[in-house]
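Structure file data_19.csv with CSV, C-alpha atoms:
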chain,number,residue,atom,x,y,z
A,103,MET,CA,-14.7,-67.9,36.7
A,104,GLN,CA,-16.2,-71.3,36.1
A,105,GLU,CA,-14.8,-71.1,32.5
A,106,GLY,CA,-11.3,-70.1,33.7
A,107,PHE,CA,-11.4,-66.3,33.6
A,108,THR,CA,-10.0,-64.4,36.6
A,109,GLU,CA,-12.2,-61.8,38.4
A,110,ASN,CA,-10.0,-59.0,36.9
A,111,GLN,CA,-10.6,-60.3,33.4
A,112,LEU,CA,-14.4,-60.4,33.9
A,113,GLU,CA,-14.7,-56.8,35.1
A,114,ASP,CA,-14.8,-55.1,31.7
A,115,MET,CA,-15.2,-58.1,29.4
A,116,GLU,CA,-17.7,-58.2,26.6
A,117,LEU,CA,-18.3,-61.7,25.2
A,118,PHE,CA,-19.0,-62.2,21.5
A,119,GLY,CA,-20.6,-65.1,19.6
A,120,PRO,CA,-20.6,-66.0,16.0
A,121,VAL,CA,-23.1,-64.1,13.9
A,122,GLY,CA,-22.8,-65.7,10.5
A,123,CYS,CA,-23.0,-64.2,7.0
A,124,ASP,CA,-22.7,-65.3,3.4
A,125,LYS,CA,-18.9,-65.0,3.5
A,126,CYS,CA,-18.0,-66.9,6.7
A,127,ASN,CA,-18.3,-70.4,8.0
A,128,GLY,CA,-21.1,-70.5,10.6
A,129,GLY,CA,-20.0,-67.1,12.0
A,130,TYR,CA,-16.3,-67.3,11.7
A,131,LYS,CA,-14.4,-65.8,8.8
A,132,GLY,CA,-10.8,-67.0,8.4
A,133,ARG,CA,-8.9,-68.9,11.1
A,134,ILE,CA,-7.2,-67.8,14.3
A,135,GLY,CA,-4.7,-70.1,16.0
A,136,ILE,CA,-5.1,-71.2,19.5
A,137,TYR,CA,-1.8,-72.7,20.7
A,138,GLU,CA,0.5,-73.4,23.6
A,139,VAL,CA,4.1,-72.4,23.3
A,140,VAL,CA,6.6,-73.3,25.9
A,141,PRO,CA,10.2,-72.2,25.5
A,142,ILE,CA,12.8,-74.7,26.8
A,143,THR,CA,14.2,-73.0,29.9
A,144,ASP,CA,16.9,-74.6,32.0
A,145,SER,CA,14.3,-75.9,34.5
A,146,ILE,CA,12.2,-77.5,31.7
A,147,SER,CA,15.3,-78.9,30.1
A,148,HIS,CA,16.3,-80.6,33.3
A,149,ILE,CA,12.8,-82.2,33.5
A,150,ILE,CA,13.1,-83.5,29.9
A,151,MET,CA,16.7,-84.8,30.5
A,152,ASP,CA,15.5,-86.6,33.7
A,153,ASN,CA,12.7,-88.3,31.7
A,154,GLY,CA,10.0,-86.3,33.4
A,155,ASN,CA,6.4,-86.7,32.6
A,156,THR,CA,3.9,-84.2,31.0
A,157,ILE,CA,2.4,-83.3,34.4
A,158,GLU,CA,5.9,-82.2,35.7
A,159,LEU,CA,6.5,-80.2,32.5
A,160,ALA,CA,3.1,-78.5,32.6
A,161,ASP,CA,3.6,-77.7,36.3
A,162,MET,CA,7.0,-76.1,35.6
A,163,ALA,CA,5.7,-74.2,32.6
A,164,ARG,CA,2.9,-72.8,34.7
A,165,GLN,CA,5.3,-71.8,37.5
A,166,GLN,CA,7.4,-70.0,35.0
A,167,GLY,CA,4.4,-68.0,33.7
A,168,PHE,CA,3.7,-69.8,30.4
A,169,ASN,CA,0.0,-70.0,29.3
A,170,ASP,CA,-1.5,-73.4,28.7
A,171,LEU,CA,-3.8,-74.1,25.8
A,172,ARG,CA,-7.0,-73.1,27.7
A,173,ALA,CA,-5.5,-69.8,29.0
A,174,SER,CA,-4.4,-68.9,25.5
A,175,ALA,CA,-7.9,-69.6,24.2
A,176,LEU,CA,-9.5,-67.6,27.0
A,177,MET,CA,-7.2,-64.6,26.1
A,178,LYS,CA,-8.6,-64.7,22.5
A,179,VAL,CA,-12.1,-64.8,23.8
A,180,SER,CA,-11.4,-61.7,26.0
A,181,LEU,CA,-10.0,-59.9,22.9
A,182,GLY,CA,-13.2,-60.7,20.9
A,183,LEU,CA,-11.3,-62.9,18.4
A,184,THR,CA,-13.5,-66.0,19.1
A,185,SER,CA,-16.4,-67.2,21.2
A,186,LEU,CA,-16.5,-69.0,24.5
A,187,ALA,CA,-18.6,-71.7,22.8
A,188,GLU,CA,-15.8,-72.3,20.2
A,189,ILE,CA,-13.0,-72.6,22.7
A,190,ASN,CA,-15.1,-74.9,24.9
A,191,ARG,CA,-15.5,-77.1,21.8
A,192,ILE,CA,-11.7,-77.3,21.2
A,193,THR,CA,-10.1,-77.2,24.7
Can I see the file as structure tokens?
Amino acid sequence: MQEGFTENQLEDMELFGPVGCDKCNGGYKGRIGIYEVVPITDSISHIIMDNGNTIELADMARQQGFNDLRASALMKVSLGLTSLAEINRIT
């Protein structure tokens, strides 16, 4: 939970780390994107039009159920697509 996972996510989670081989880069082969996507809803549009700040936008996005960058990264850890060490390095 300290890293940002919920108790439900931790119940059956198996964490993976990079292993490394002669075809990968330090344990990771290829690339996987970690990104934050926020569709412009009416509420978010109003904040933008009213010259709102990033905190207001982030709060509204969270209220509307959109994942932030950290939550998106944690989801990829829980799917075994990357390691906790890697997302801690980038988020």
Interatomic distance between CA of Gly154 (chain A) and CA of Leu171 (chain A)?
->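 So the answer is 19.9 Å.
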Which neighbours of Leu176 (chain A) fall inside 8 Å, counting all atoms listed in the file, when residues of the same chain fewer than 5 positions from it are skipped, and could you give them as a PyMOL selection string?
-> chain A and resi 106-107+186+189
Which neighbours of Ser145 (chain A) fall inside 10 Å, counting only C-alpha atoms, when residues of the same chain fewer than 6 positions from it are skipped, and could you give them as a ChimeraX atom specification?
-> /A:159,162-163,166
Which residues come within 12 Å of Glu105 (chain A), counting all atoms listed in the file, excluding same-chain residues fewer than 3 positions away, as an mmCIF file with C-alpha atoms, keeping the file's coordinate frame?
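Below you can see part_9.cif, which holds the result:
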data_model
loop_
_atom_site.group_PDB
_atom_site.id
_atom_site.type_symbol
_atom_site.label_atom_id
_atom_site.label_comp_id
_atom_site.auth_asym_id
_atom_site.auth_seq_id
_atom_site.Cartn_x
_atom_site.Cartn_y
_atom_site.Cartn_z
ATOM 1 C CA THR A 108 -10.000 -64.400 36.600
ATOM 2 C CA GLU A 109 -12.200 -61.800 38.400
ATOM 3 C CA GLN A 111 -10.600 -60.300 33.400
ATOM 4 C CA LEU A 112 -14.400 -60.400 33.900
ATOM 5 C CA ARG A 172 -7.000 -73.100 27.700
ATOM 6 C CA ALA A 173 -5.500 -69.800 29.000
ATOM 7 C CA ALA A 175 -7.900 -69.600 24.200
ATOM 8 C CA LEU A 176 -9.500 -67.600 27.000
ATOM 9 C CA MET A 177 -7.200 -64.600 26.100
ATOM 10 C CA VAL A 179 -12.100 -64.800 23.800
ATOM 11 C CA SER A 180 -11.400 -61.700 26.000
ATOM 12 C CA LEU A 186 -16.500 -69.000 24.500
ATOM 13 C CA ALA A 187 -18.600 -71.700 22.800
ATOM 14 C CA ILE A 189 -13.000 -72.600 22.700
ATOM 15 C CA ASN A 190 -15.100 -74.900 24.900
ATOM 16 C CA THR A 193 -10.100 -77.200 24.700
#
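For the pair CA of Asn110 (chain A) and CA of Thr143 (chain A), the separation is 28.8 Å.
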Could you pull the residues within 10 Å of Ile134 (chain A), counting only C-alpha atoms, minus those fewer than 5 positions along the same chain, as a list of chain:residue names?
-> A:Lys178, A:Leu183, A:Thr184
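Each of A:Ile192, A:Val140, A:Ile146, A:Cys123 was checked against Phe168 (chain A) using only C-alpha atoms; the smallest atom-to-atom distance is that of A:Val140.
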Atom-to-atom span, CA of Glu116 (chain A) and CA of Gln165 (chain A), Å =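 Computed distance, CA of Glu116 (chain A) to CA of Gln165 (chain A), equals 28.9 Å.
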